[in-house]
$ cat data-v4.txt   # compact mmCIF, C-alpha atoms
# COMPACT_ATOMS: atom_id res chain seq x y z
CA MET A 1 132.39 123.40 98.86
CA GLU A 2 131.49 127.04 99.60
CA LYS A 3 131.22 127.89 95.88
CA LEU A 4 128.75 125.11 95.20
CA ALA A 5 124.98 125.30 95.53
CA ILE A 6 124.83 121.82 97.05
CA ALA A 7 127.68 119.64 98.27
CA THR A 8 127.33 116.44 100.28
CA LYS A 9 130.03 114.52 102.08
CA ASP A 10 129.36 110.86 102.92
CA LEU A 11 125.69 111.71 103.55
CA THR A 12 124.03 108.69 105.14
CA LYS A 13 120.64 107.90 106.64
CA ILE A 14 119.79 104.69 108.47
CA PHE A 15 116.33 103.71 109.72
CA GLY A 16 116.77 100.78 112.06
CA ASP A 17 118.26 98.00 109.95
CA ILE A 18 117.55 99.80 106.68
CA VAL A 19 120.24 101.92 105.03
CA ALA A 20 118.12 104.42 103.09
CA VAL A 21 121.06 106.52 101.83
CA LYS A 22 124.69 105.43 101.98
CA ASP A 23 127.77 107.65 101.69
CA LEU A 24 126.27 110.05 99.17
CA ASN A 25 128.79 112.44 97.64
CA ILE A 26 127.53 114.95 95.09
CA GLU A 27 128.53 118.47 94.04
CA ILE A 28 126.10 120.76 92.23
CA THR A 29 127.09 124.16 90.87
CA TYR A 30 124.75 127.15 90.92
CA GLY A 31 122.35 127.35 87.99
CA THR A 32 122.35 123.59 87.43
CA THR A 33 119.27 121.40 87.13
CA TYR A 34 120.19 118.15 88.84
CA GLY A 35 118.02 115.07 88.60
CA LEU A 36 118.17 112.25 91.13
CA LEU A 37 116.78 109.31 89.20
CA GLY A 38 115.79 105.95 90.58
CA PRO A 39 112.95 103.54 91.37
CA ASN A 40 110.56 103.96 94.26
CA GLY A 41 112.36 103.30 97.55
CA ALA A 42 115.79 104.10 96.13
CA GLY A 43 116.49 106.89 98.64
CA LYS A 44 115.52 109.96 96.61
CA THR A 45 112.98 111.44 99.04
CA THR A 46 115.19 110.69 102.06
CA THR A 47 118.03 112.59 100.38
CA VAL A 48 115.87 115.64 99.70
CA ARG A 49 114.48 115.66 103.24
CA MET A 50 118.01 115.63 104.67
CA LEU A 51 119.14 118.43 102.35
CA ASN A 52 116.18 120.55 103.49
CA GLY A 53 116.88 120.00 107.19
CA ILE A 54 113.64 118.07 107.72
CA ILE A 55 115.44 114.98 108.99
CA SER A 56 118.99 114.67 110.29
CA PRO A 57 121.54 112.39 108.66
CA SER A 58 122.89 109.42 110.57
CA ASN A 59 126.34 110.23 109.28
CA GLY A 60 128.04 112.74 107.02
CA THR A 61 126.94 116.26 106.25
CA ALA A 62 126.11 118.70 103.45
CA LEU A 63 126.22 122.36 102.55
CA VAL A 64 123.19 123.88 100.82
CA GLY A 65 123.68 127.43 99.59
CA GLY A 66 126.79 127.54 101.77
CA TYR A 67 124.86 126.64 104.93
CA ASN A 68 125.48 123.51 106.96
CA ILE A 69 122.38 121.30 107.16
CA LEU A 70 123.34 120.22 110.68
CA THR A 71 124.02 123.57 112.32
CA GLN A 72 122.28 126.12 110.07
CA THR A 73 118.97 124.43 109.35
CA LYS A 74 116.91 127.64 109.52
CA ASP A 75 119.19 129.40 107.04
CA VAL A 76 118.90 126.45 104.64
CA LYS A 77 115.11 126.58 104.77
CA MET A 78 115.02 130.33 104.17
CA ILE A 79 116.85 130.10 100.84
CA CYS A 80 115.20 126.93 99.55
CA GLY A 81 111.84 126.11 98.04
CA PHE A 82 110.59 122.57 98.56
CA LEU A 83 107.82 120.63 96.88
CA PRO A 84 107.42 117.25 98.63
CA GLU A 85 106.08 114.22 96.84
CA SER A 86 102.96 114.15 99.05
CA PRO A 87 102.47 117.78 100.12
CA GLY A 88 100.10 118.70 102.90
CA LEU A 89 97.54 121.49 102.61
CA TYR A 90 95.19 123.17 105.05
CA SER A 91 91.94 122.18 103.40
CA LYS A 92 89.83 124.77 105.24
CA LEU A 93 91.90 127.64 103.83
CA THR A 94 91.49 129.17 100.40
CA ALA A 95 94.43 129.04 97.99
CA LYS A 96 95.08 132.73 98.59
CA GLU A 97 94.98 132.33 102.39
CA PHE A 98 97.33 129.37 102.25
CA LEU A 99 99.86 131.20 100.10
CA GLU A 100 99.65 134.27 102.32
CA PHE A 101 100.40 132.03 105.29
CA ILE A 102 103.43 130.51 103.53
CA GLY A 103 104.69 133.95 102.54
CA GLU A 104 104.47 135.16 106.13
CA LEU A 105 106.53 132.17 107.29
CA TYR A 106 109.36 133.61 105.20
CA TYR A 107 108.82 137.09 106.68
CA LEU A 108 107.98 138.58 103.29
CA PRO A 109 106.38 142.05 103.20
CA LYS A 110 102.62 141.93 102.63
CA ALA A 111 102.88 143.85 99.37
CA THR A 112 105.45 141.36 98.07
CA ILE A 113 103.28 138.42 99.11
CA SER A 114 100.25 139.88 97.35
CA SER A 115 102.06 140.60 94.08
CA ARG A 116 103.73 137.19 93.99
CA ILE A 117 100.46 135.40 94.70
CA ASP A 118 98.83 137.21 91.78
CA GLU A 119 101.75 136.34 89.51
CA LEU A 120 101.86 132.67 90.54
CA LEU A 121 98.10 132.19 90.27
CA ASP A 122 98.29 133.58 86.76
CA ILE A 123 101.22 131.32 85.80
CA PHE A 124 99.45 128.20 87.06
CA ASP A 125 96.06 129.17 85.64
CA LEU A 126 94.35 129.33 89.04
CA GLU A 127 92.85 132.80 88.73
CA GLY A 128 89.20 132.83 89.66
CA ARG A 129 89.64 129.97 92.13
CA GLU A 130 91.91 131.71 94.62
CA ASN A 131 89.06 132.29 97.09
CA ASP A 132 87.74 128.72 96.96
CA LEU A 133 88.54 126.34 99.81
CA LEU A 134 91.36 123.93 99.03
CA GLU A 135 89.20 120.99 100.04
CA GLY A 136 87.27 121.51 96.81
CA TYR A 137 90.36 121.44 94.60
CA SER A 138 91.27 118.48 92.41
CA ARG A 139 94.57 116.67 93.09
CA GLY A 140 96.17 118.43 90.15
CA MET A 141 95.05 121.85 91.33
CA LYS A 142 96.39 121.13 94.81
CA GLN A 143 99.73 120.22 93.25
CA LYS A 144 99.76 123.58 91.47
CA VAL A 145 99.10 125.41 94.74
CA CYS A 146 101.98 123.53 96.36
CA LEU A 147 104.24 124.56 93.51
CA CYS A 148 103.18 128.16 94.11
CA ALA A 149 104.09 127.73 97.79
CA ALA A 150 107.53 126.38 96.86
CA LEU A 151 108.23 129.44 94.71
CA ILE A 152 106.64 132.27 96.67
CA GLN A 153 109.80 133.42 98.48
CA ASP A 154 111.78 133.43 95.19
CA PRO A 155 114.23 130.78 96.46
CA LYS A 156 117.80 130.41 95.22
CA ILE A 157 117.58 126.63 95.31
CA ILE A 158 114.43 124.67 94.50
CA PHE A 159 113.85 121.05 95.52
CA LEU A 160 111.15 119.21 93.58
CA ASP A 161 110.14 115.67 94.55
CA GLU A 162 108.17 114.17 91.65
CA PRO A 163 106.96 117.64 90.48
CA THR A 164 104.55 116.36 87.81
CA SER A 165 102.79 113.94 90.15
CA ASN A 166 98.97 114.10 89.88
CA LEU A 167 99.08 116.45 86.90
CA ASP A 168 97.36 115.88 83.59
CA PRO A 169 99.57 115.95 80.45
CA ALA A 170 98.88 119.64 79.73
CA ALA A 171 99.67 120.73 83.29
CA ALA A 172 102.74 118.47 83.39
CA ARG A 173 104.00 120.10 80.18
CA MET A 174 103.50 123.53 81.76
CA VAL A 175 105.46 122.52 84.87
CA LYS A 176 108.31 121.16 82.74
CA ASP A 177 108.44 124.44 80.82
CA LEU A 178 108.44 126.36 84.10
CA ILE A 179 111.33 124.30 85.45
CA SER A 180 113.27 124.95 82.25
CA ASP A 181 112.59 128.68 82.46
CA LEU A 182 113.56 128.85 86.13
CA ALA A 183 116.91 127.28 85.34
CA LYS A 184 117.71 129.11 82.11
CA LYS A 185 116.07 132.52 82.56
CA ALA A 186 116.01 132.99 86.33
CA ASP A 187 119.31 131.16 86.98
CA LYS A 188 117.83 128.98 89.70
CA THR A 189 119.46 125.83 90.99
CA ILE A 190 117.01 122.94 90.81
CA PHE A 191 117.28 119.56 92.50
CA MET A 192 114.62 117.26 91.11
CA CYS A 193 113.76 113.73 92.21
CA THR A 194 111.98 111.61 89.65
CA HIS A 195 111.55 108.13 88.27
CA LEU A 196 110.39 109.53 84.91
CA LEU A 197 113.18 109.06 82.40
CA ASP A 198 111.77 111.43 79.78
CA ALA A 199 111.50 114.29 82.27
CA ALA A 200 115.03 113.71 83.55
CA GLU A 201 116.52 113.58 80.05
CA GLU A 202 114.64 116.68 78.91
CA LEU A 203 115.23 118.92 81.92
CA CYS A 204 118.40 117.91 83.72
CA ASP A 205 121.95 119.07 83.09
CA ILE A 206 123.30 116.37 85.40
CA ILE A 207 121.65 113.11 86.41
CA GLY A 208 122.53 110.91 89.37
CA ILE A 209 121.17 107.37 89.29
CA ILE A 210 120.51 105.97 92.75
CA ASP A 211 119.43 102.52 93.85
CA LYS A 212 119.10 101.06 97.33
CA GLY A 213 120.61 104.24 98.77
CA GLU A 214 123.80 104.16 96.70
CA LEU A 215 124.72 106.48 93.86
CA LYS A 216 125.52 104.16 90.96
CA LEU A 217 126.43 106.66 88.23
CA GLN A 218 126.41 110.40 87.61
CA GLY A 219 126.84 112.62 84.57
CA SER A 220 125.03 114.50 81.84
CA PRO A 221 122.32 112.52 79.99
CA LYS A 222 124.68 112.28 77.00
CA GLU A 223 127.59 111.06 79.14
CA ILE A 224 125.44 108.41 80.81
CA ILE A 225 124.09 107.18 77.47
CA GLU A 226 127.56 107.02 75.94
CA SER A 227 129.08 105.31 78.99
CA GLN A 228 126.64 102.43 78.59
CA ASN A 229 126.84 102.34 74.79
CA ALA A 230 123.07 102.83 74.86
CA LYS A 231 120.66 104.24 72.30
CA ASP A 232 118.88 106.51 74.81
CA LEU A 233 118.56 107.20 78.53
CA GLU A 234 115.98 104.47 79.03
CA ASP A 235 118.30 101.90 77.50
CA ALA A 236 121.20 103.18 79.62
CA TYR A 237 119.09 103.14 82.78
CA LEU A 238 118.06 99.52 82.23
CA LYS A 239 121.67 98.51 81.63
CA ILE A 240 122.79 100.26 84.83
CA MET A 241 119.99 98.93 86.99
CA GLY A 242 120.00 95.45 85.47
CA THR A 243 116.92 93.23 85.51
CA THR A 244 116.50 93.09 89.29
CA HIS A 245 113.44 95.33 89.48
CA ILE A 246 111.78 93.66 86.50
CA GLU A 247 112.35 90.22 88.04
CA ASP A 248 110.86 91.40 91.34
CA LEU A 249 107.78 92.69 89.55
CA LEU A 250 107.31 89.45 87.61
CA SER A 251 107.79 87.45 90.79
CA TRP A 252 105.01 89.42 92.48
CA ARG A 253 102.78 88.86 89.47
CA GLU A 254 103.40 85.12 89.53
CA ASN A 255 103.19 84.60 93.26
CA GLY A 256 100.57 87.20 94.14
CA PRO A 257 100.75 89.75 96.97
CA ASN A 258 100.06 87.10 99.62
CA GLY A 259 102.41 84.48 98.26
CA ALA A 260 99.80 82.49 96.35
CA ASN A 261 100.96 81.37 92.94
CA LEU A 262 98.60 82.90 90.40
CA ASN A 263 99.68 80.61 87.61
CA LYS A 264 98.81 77.53 89.68
CA LYS A 265 95.38 78.94 90.45
CA THR A 266 94.80 79.62 86.79
CA LYS A 267 95.83 76.11 85.83
CA LYS A 268 93.47 74.58 88.43
CA LYS A 269 90.55 76.58 87.07
CA ARG A 270 91.31 75.45 83.53
CA LYS A 271 91.24 71.81 84.65

$ encode --input "data-v4.txt" --output "structure tokens"
Amino acid sequence: MEKLAIATKDLTKIFGDIVAVKDLNIEITYGTTYGLLGPNGAGKTTTVRMLNGIISPSNGTALVGGYNILTQTKDVKMICGFLPESPGLYSKLTAKEFLEFIGELYYLPKATISSRIDELLDIFDLEGRENDLLEGYSRGMKQKVCLCAALIQDPKIIFLDEPTSNLDPAAARMVKDLISDLAKKADKTIFMCTHLLDAAEELCDIIGIIDKGELKLQGSPKEIIESQNAKDLEDAYLKIMGTTHIEDLLSWRENGPNGANLNKKTKKKRK
């Protein structure tokens, strides 16, 4: 396990009667882009939060960068960058002030913080807005600032939870290119949670498909497609997941959010 960037052993998280993640066992080598793919509520975010030492597992353990998430939480956080799905920002700070604050949390020298802020603002096309308060930023711009914060300490391992959330197509394309460059040119290990099949197929070396807290299948996009005799990843995903989620969606549509049958209402109106 010591030679792996991330290794979990029976990692489990239970919230009351809900098993969010169950006996998760994955091994990720350095330099790999790993995608945890699944529907909303599948356990992706819970997994990432455990691997970053934000919440403790109910059972099992993991090593991240060789550090134990149970006993070496601080060390894990120092070598990892993390972009949560719903990141929080200090709205009364400017982008530059916020990034300076994040850099200081990692004990970076001031000169290093300054140069990295300039570089990141240039990469994410935020130059000229660095001294504006974050409260005036659009959702997409805030997402860019949070990506800057996740990268400022030049982490070995980067966790991205829905990294293209809130971004317009052009910005999303830029983020995808950045993720690819980080993996291929900077040799970073990336753990990405997503429910976007195209992003997973394009960016990930290995994909794990998770549902209801359990890892159902793992492999390269090609291996997963071939294992299901599918034409593409979307087709394979639907074969693996079955029709359960589609049936649930149609049931909600027919019955309505409060249990009222919409079709019956429609028929009454037509009469």

$ closest_residue --input "data-v4.txt" --among "A:Leu37, A:Ala172, A:Leu51, A:Leu133" --to "Thr12 of chain A" --atoms "all atoms listed in the file"
A:Leu51

$ closest_residue --input "data-v4.txt" --among "A:Asn59, A:Thr194, A:Thr8, A:Lys22" --to "Pro84 of chain A" --atoms "all atoms listed in the file"
A:Thr194

$ closest_residue --input "data-v4.txt" --among "A:Asn25, A:Thr33, A:Thr45, A:Thr71" --to "Lys176 of chain A" --atoms "all atoms listed in the file"
A:Thr33

$ closest_atom_pairs --input "data-v4.txt" --of "segment 32-106 of chain A" --to "segment 211-231 of chain A" --cutoff "8 Å" --atoms "all atoms listed in the file" --output "JSON lines"
{"residue": "A:Gly38", "atom": "CA", "partner": "A:Asp211", "partner_atom": "CA", "distance": 6.0}
{"residue": "A:Pro39", "atom": "CA", "partner": "A:Asp211", "partner_atom": "CA", "distance": 7.0}
{"residue": "A:Gly41", "atom": "CA", "partner": "A:Lys212", "partner_atom": "CA", "distance": 7.1}
{"residue": "A:Ala42", "atom": "CA", "partner": "A:Asp211", "partner_atom": "CA", "distance": 4.6}
{"residue": "A:Gly43", "atom": "CA", "partner": "A:Gly213", "partner_atom": "CA", "distance": 4.9}
{"residue": "A:Lys44", "atom": "CA", "partner": "A:Gly213", "partner_atom": "CA", "distance": 8.0}

$ write_last_selection --input "data-v4.txt" --atoms "C-alpha atoms" --output "PDB file, in the frame of the given file"
ATOM      1  CA  GLY A  38     115.790 105.950  90.580  1.00  0.00           C
ATOM      2  CA  PRO A  39     112.950 103.540  91.370  1.00  0.00           C
ATOM      3  CA  GLY A  41     112.360 103.300  97.550  1.00  0.00           C
ATOM      4  CA  ALA A  42     115.790 104.100  96.130  1.00  0.00           C
ATOM      5  CA  GLY A  43     116.490 106.890  98.640  1.00  0.00           C
ATOM      6  CA  LYS A  44     115.520 109.960  96.610  1.00  0.00           C
TER       7      LYS A  44
END

$ residues_around --input "data-v4.txt" --residues "segment 88-93 of chain A" --least-positions-apart "2" --cutoff "9 Å" --atoms "only C-alpha atoms" --output "number ranges by chain"
A: 84, 86, 95-98, 131-137, 142, 145-146

$ atom_distance --input "data-v4.txt" --atom1 "atom CA of Ile206 of chain A" --atom2 "atom CA of Leu160 of chain A"
14.9 Å

$ atom_distance --input "data-v4.txt" --atom1 "atom CA of Asp118 of chain A" --atom2 "atom CA of Glu130 of chain A"
9.3 Å

$ atom_distance --input "data-v4.txt" --atom1 "atom CA of Gly242 of chain A" --atom2 "atom CA of Asp205 of chain A"
23.8 Å

$ residues_near_point --input "data-v4.txt" --point "(103.9, 127.3, 85.5)" --cutoff "12 Å" --atoms "all atoms listed in the file" --output "number ranges by chain"
A: 119-126, 141, 143-148, 150-151, 163-164, 167, 170-182

$ closest_residue --input "data-v4.txt" --among "A:Gly103, A:Gly140, A:Gly35, A:Gly53" --to "Gln72 of chain A" --atoms "all atoms listed in the file"
A:Gly53

$ closest_residue --input "data-v4.txt" --among "A:Leu36, A:Leu233, A:Met192, A:Ile26" --to "Gly208 of chain A" --atoms "all atoms listed in the file"
A:Leu36

$ closest_residue --input "data-v4.txt" --among "A:Phe82, A:Ile102, A:Glu127, A:Ala200" --to "Glu234 of chain A" --atoms "all atoms listed in the file"
A:Ala200

$ residues_near_point --input "data-v4.txt" --point "(129.0, 122.0, 90.0)" --cutoff "9 Å" --atoms "all atoms listed in the file" --output "list in words"
Lys3, Leu4, Ala5, Ile6, Ala7, Ile26, Glu27, Ile28, Thr29, Tyr30, Gly31 and Thr32 of chain A
